[in-house]
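Chemist: Structure: input-v7.json, JSON, C-alpha atoms.
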```json
[["chain", "number", "residue", "atom", "x", "y", "z"],
["A", 23, "MET", "CA", -30.52, 30.03, -27.04],
["A", 24, "THR", "CA", -30.88, 27.48, -29.81],
["A", 25, "PRO", "CA", -31.23, 23.75, -29.05],
["A", 26, "ARG", "CA", -27.94, 23.10, -30.80],
["A", 27, "ARG", "CA", -26.06, 25.54, -28.56],
["A", 28, "LYS", "CA", -27.79, 24.09, -25.47],
["A", 29, "ARG", "CA", -26.62, 20.57, -26.41],
["A", 30, "LEU", "CA", -23.09, 21.91, -26.93],
["A", 31, "TYR", "CA", -23.05, 23.36, -23.39],
["A", 32, "VAL", "CA", -24.36, 20.11, -21.92],
["A", 33, "VAL", "CA", -21.69, 18.06, -23.74],
["A", 34, "LEU", "CA", -18.95, 20.51, -22.69],
["A", 35, "GLY", "CA", -20.21, 20.36, -19.10],
["A", 36, "ILE", "CA", -20.12, 16.56, -19.11],
["A", 37, "LEU", "CA", -16.60, 16.52, -20.62],
["A", 38, "GLY", "CA", -15.44, 19.06, -18.03],
["A", 39, "GLY", "CA", -16.86, 16.92, -15.21],
["A", 40, "VAL", "CA", -15.18, 13.78, -16.53],
["A", 41, "ALA", "CA", -11.85, 15.59, -16.92],
["A", 42, "ALA", "CA", -12.07, 16.97, -13.38],
["A", 43, "SER", "CA", -12.87, 13.55, -11.90],
["A", 44, "VAL", "CA", -9.99, 11.89, -13.82],
["A", 45, "ALA", "CA", -7.59, 14.60, -12.65],
["A", 46, "LEU", "CA", -8.69, 14.12, -9.03],
["A", 47, "ALA", "CA", -8.30, 10.34, -9.29],
["A", 48, "VAL", "CA", -4.78, 10.66, -10.70],
["A", 49, "MET", "CA", -3.74, 13.14, -8.00],
["A", 50, "ALA", "CA", -5.15, 10.91, -5.24],
["A", 51, "SER", "CA", -3.43, 7.77, -6.54],
["A", 52, "ARG", "CA", -0.07, 9.55, -6.89],
["A", 53, "ASP", "CA", 0.23, 9.68, -3.09],
["A", 54, "ASN", "CA", -0.55, 5.98, -2.70],
["A", 55, "ILE", "CA", 1.96, 4.63, -5.23],
["A", 56, "MET", "CA", 4.96, 2.90, -3.64],
["A", 57, "PHE", "CA", 7.91, 2.20, -5.90],
["A", 58, "TYR", "CA", 10.28, -0.75, -5.54],
["A", 59, "TYR", "CA", 14.06, -0.33, -5.19],
["A", 60, "ASP", "CA", 16.77, -2.92, -4.73],
["A", 61, "PRO", "CA", 19.88, -2.39, -2.55],
["A", 62, "SER", "CA", 22.03, -1.43, -5.58],
["A", 63, "GLN", "CA", 19.61, 1.35, -6.55],
["A", 64, "ILE", "CA", 19.58, 2.61, -2.97],
["A", 65, "ALA", "CA", 23.40, 2.57, -2.85],
["A", 66, "ALA", "CA", 23.42, 4.57, -6.11],
["A", 67, "GLY", "CA", 21.14, 7.21, -4.53],
["A", 68, "LYS", "CA", 18.15, 6.52, -6.78],
["A", 69, "ALA", "CA", 15.70, 5.95, -3.92],
["A", 70, "PRO", "CA", 13.77, 8.92, -2.50],
["A", 71, "SER", "CA", 14.86, 10.09, 0.93],
["A", 72, "ASP", "CA", 11.55, 11.74, 1.82],
["A", 73, "LYS", "CA", 8.96, 9.22, 0.59],
["A", 74, "ARG", "CA", 7.89, 5.69, 1.43],
["A", 75, "PHE", "CA", 8.96, 2.92, -0.91],
["A", 76, "ARG", "CA", 9.54, -0.83, -1.00],
["A", 77, "ILE", "CA", 12.91, -2.55, -0.78],
["A", 78, "GLY", "CA", 13.54, -6.18, -1.50],
["A", 79, "GLY", "CA", 16.38, -8.63, -1.36],
["A", 80, "MET", "CA", 17.85, -11.52, 0.56],
["A", 81, "VAL", "CA", 18.41, -11.33, 4.32],
["A", 82, "VAL", "CA", 22.17, -11.69, 4.90],
["A", 83, "LYS", "CA", 23.03, -14.71, 7.04],
["A", 84, "GLY", "CA", 24.24, -13.71, 10.50],
["A", 85, "SER", "CA", 22.91, -10.16, 10.22],
["A", 86, "VAL", "CA", 19.72, -10.43, 12.30],
["A", 87, "THR", "CA", 20.11, -8.82, 15.73],
["A", 88, "ARG", "CA", 17.43, -8.39, 18.39],
["A", 89, "LYS", "CA", 17.36, -6.73, 21.75],
["A", 90, "PRO", "CA", 16.16, -9.11, 24.48],
["A", 91, "GLY", "CA", 12.64, -8.21, 25.59],
["A", 92, "ASP", "CA", 12.17, -5.71, 22.75],
["A", 93, "LEU", "CA", 10.43, -5.90, 19.38],
["A", 94, "GLN", "CA", 13.19, -3.98, 17.60],
["A", 95, "VAL", "CA", 15.04, -6.03, 14.96],
["A", 96, "ARG", "CA", 17.97, -5.06, 12.76],
["A", 97, "PHE", "CA", 19.09, -6.99, 9.72],
["A", 98, "VAL", "CA", 20.83, -6.44, 6.38],
["A", 99, "LEU", "CA", 19.31, -6.92, 2.92],
["A", 100, "THR", "CA", 21.42, -7.69, -0.13],
["A", 101, "ASP", "CA", 21.02, -8.17, -3.87],
["A", 102, "PHE", "CA", 24.46, -9.83, -3.93],
["A", 103, "ALA", "CA", 26.02, -6.57, -5.15],
["A", 104, "HIS", "CA", 25.18, -4.08, -2.35],
["A", 105, "GLN", "CA", 23.80, -4.23, 1.18],
["A", 106, "VAL", "CA", 21.35, -2.02, 3.05],
["A", 107, "PRO", "CA", 20.77, -2.11, 6.83],
["A", 108, "VAL", "CA", 17.11, -2.39, 7.83],
["A", 109, "GLU", "CA", 15.50, -1.48, 11.17],
["A", 110, "TYR", "CA", 12.07, -2.80, 12.09],
["A", 111, "THR", "CA", 10.02, -2.60, 15.26],
["A", 112, "GLY", "CA", 7.24, -5.14, 15.45],
["A", 113, "VAL", "CA", 6.49, -8.81, 15.09],
["A", 114, "LEU", "CA", 8.21, -10.38, 12.09],
["A", 115, "PRO", "CA", 6.34, -12.88, 9.90],
["A", 116, "ASP", "CA", 6.72, -16.51, 10.98],
["A", 117, "LEU", "CA", 8.48, -17.32, 7.69],
["A", 118, "PHE", "CA", 11.14, -14.61, 8.13],
["A", 119, "ARG", "CA", 14.65, -16.03, 8.44],
["A", 120, "GLU", "CA", 18.21, -15.42, 7.28],
["A", 121, "GLY", "CA", 19.05, -16.30, 3.69],
["A", 122, "GLN", "CA", 15.48, -15.71, 2.52],
["A", 123, "GLY", "CA", 13.95, -13.15, 0.15],
["A", 124, "ILE", "CA", 11.74, -10.46, 1.67],
["A", 125, "ILE", "CA", 10.11, -7.16, 0.80],
["A", 126, "ALA", "CA", 9.90, -4.34, 3.34],
["A", 127, "HIS", "CA", 7.82, -1.15, 3.17],
["A", 128, "GLY", "CA", 9.12, 2.04, 4.77],
["A", 129, "SER", "CA", 11.53, 4.93, 4.21],
["A", 130, "MET", "CA", 15.18, 5.86, 4.55],
["A", 131, "SER", "CA", 16.41, 7.39, 7.79],
["A", 132, "PRO", "CA", 19.06, 10.13, 7.93],
["A", 133, "ASN", "CA", 21.63, 7.61, 9.22],
["A", 134, "GLY", "CA", 21.41, 5.58, 5.97],
["A", 135, "ALA", "CA", 19.32, 2.70, 7.30],
["A", 136, "PHE", "CA", 15.96, 1.69, 5.88],
["A", 137, "VAL", "CA", 13.26, 1.99, 8.57],
["A", 138, "ALA", "CA", 10.57, -0.56, 7.77],
["A", 139, "ASP", "CA", 7.01, -0.38, 9.03],
["A", 140, "GLU", "CA", 6.00, -3.65, 7.33],
["A", 141, "VAL", "CA", 7.99, -6.77, 6.44],
["A", 142, "LEU", "CA", 6.67, -9.41, 4.04],
["A", 143, "ALA", "CA", 8.28, -12.86, 3.74],
["A", 144, "LYS", "CA", 7.83, -15.44, 1.03],
["A", 145, "HIS", "CA", 5.14, -18.04, 1.66],
["A", 146, "ASP", "CA", 7.09, -21.18, 0.70],
["A", 147, "GLU", "CA", 10.55, -22.20, -0.38],
["A", 148, "LYS", "CA", 9.84, -21.93, -4.12],
["A", 149, "TYR", "CA", 8.17, -18.51, -4.18],
["A", 150, "MET", "CA", 10.05, -15.23, -4.33],
["A", 151, "PRO", "CA", 8.41, -11.84, -4.88],
["A", 152, "PRO", "CA", 8.70, -11.03, -8.62],
["A", 153, "GLU", "CA", 10.53, -7.74, -8.03],
["A", 154, "VAL", "CA", 13.14, -9.45, -5.85],
["A", 155, "ALA", "CA", 13.64, -12.33, -8.30],
["A", 156, "ALA", "CA", 14.06, -9.95, -11.25],
["A", 157, "SER", "CA", 16.54, -7.69, -9.48],
["A", 158, "LEU", "CA", 18.60, -10.62, -8.18],
["A", 159, "LYS", "CA", 18.76, -12.18, -11.65],
["A", 160, "LYS", "CA", 20.19, -8.92, -13.04],
["A", 161, "LYS", "CA", 23.07, -8.77, -10.57],
["A", 162, "ALA", "CA", 26.38, -10.35, -11.46],
["A", 163, "GLY", "CA", 27.19, -13.37, -9.39],
["A", 164, "ALA", "CA", 23.62, -13.88, -8.24],
["A", 165, "LYS", "CA", 22.68, -17.37, -7.17],
["A", 166, "PRO", "CA", 20.22, -19.15, -9.47],
["A", 167, "ILE", "CA", 16.65, -18.69, -8.32],
["A", 168, "SER", "CA", 14.13, -21.44, -8.83]]
```
Would you kindly transcribe this structure into structure tokens?
Modeler:
Amino acid sequence: MTPRRKRLYVVLGILGGVAASVALAVMASRDNIMFYYDPSQIAAGKAPSDKRFRIGGMVVKGSVTRKPGDLQVRFVLTDFAHQVPVEYTGVLPDLFREGQGIIAHGSMSPNGAFVADEVLAKHDEKYMPPEVAASLKKKAGAKPIS
């Protein structure tokens, strides 16, 4: 084997190794990506029914219900065009309240409710998660967001 051919095999081997590692990294990250959907997209059927995703919007005033002595909470999220019921079992963030923007991570249940396993609330009265602010601005009749 000539030195030139040997170098060619080494370069091809290195390129093959890099391609394999990139392919593995892309396949591994595909499972960890969580897409964001607003209530209008969920109502239109654009959200996956079998995968986890994020939903964001404003908590509808008067929609938060709790069972006494239980950690289960139900509330409704809106983007001022559509509403989605959300079920969550756990301790809500201290800043969670009605009329406030939140993002929840979870998946859709067969009964049409979003089952959250994590709820994130804004950290002060001026901040709103960028995805929520953008989707609310797009909706007709949305309140101005500062």
Chemist: Mind pulling up the distance from CA of Lys83 (chain A) to CA of Asp116 (chain A)?
Modeler: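 Separation of CA of Asp116 (chain A) and CA of Lys83 (chain A): 16.9 Å.
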Chemist: For CA of Val98 (chain A) and CA of Phe75 (chain A), determine how far apart the two atoms are, in Å to one decimal place.
Modeler: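 Going from CA of Val98 (chain A) over to CA of Phe75 (chain A) covers 16.8 Å.
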Chemist: So that I can see what lies close to Gln63 (chain A), please list as a PyMOL selection string the residues with an atom at most 12 Å from it, counting only C-alpha atoms and leaving out residues fewer than 6 positions away in the same chain.
Modeler: chain A and resi 57+69-70+76-79+100-101+103-106+157+161
Chemist: Here is a test: counting only C-alpha atoms, which residue of A:Ile55, A:Val81, A:Val113, A:Leu34 is nearest to Gln94 (chain A)?
Modeler: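 Checking each candidate against Gln94 (chain A), we get A:Val113 as the closest.
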Chemist: Counting only C-alpha atoms, which of A:Lys89, A:Ser71, A:Pro152, A:Glu120 gets nearest to Pro132 (chain A)?
Modeler: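 Among A:Lys89, A:Ser71, A:Pro152, A:Glu120, it is A:Ser71 that comes nearest to Pro132 (chain A).
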Chemist: Which value, in Å to one decimal, gives the distance between CA of Gly112 (chain A) and CA of Leu93 (chain A)?
Modeler: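 Calculated distance between CA of Gly112 (chain A) and CA of Leu93 (chain A) is 5.1 Å.
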Chemist: Within 8 Å of region 72-74 of chain A, counting only C-alpha atoms, which residues qualify if same-chain residues fewer than 6 places away don't, as a list in words?
Modeler: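 Counting only C-alpha atoms, the residues come to Met56, His127, Gly128, Ser129 and Met130 of chain A.
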Chemist: Each side padded by 6 Å, which centre and which edge lengths in Å (one decimal) define the axis-aligned box around the listed atoms of region 78-97 of chain A? Give them as JSON.
Modeler:
```
{"center_x": 17.3, "center_y": -9.3, "center_z": 12.0, "size_x": 25.8, "size_y": 22.7, "size_z": 39.1}
```
Chemist: Within 7 Å of Ala143 (chain A), counting all atoms listed in the file, which residues show up once you throw out same-chain ones fewer than 2 positions away? Write them as JSON, numbers by chain, please.
Modeler: {"A": [115, 117, 118, 123, 124, 125, 141, 145]}
Chemist: Using only C-alpha atoms, which residue out of A:Pro61, A:Gly67, A:Leu114, A:Ser131 lies closest to Val86 (chain A)?
Modeler: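 So, comparing all the options, the nearest one is A:Leu114.
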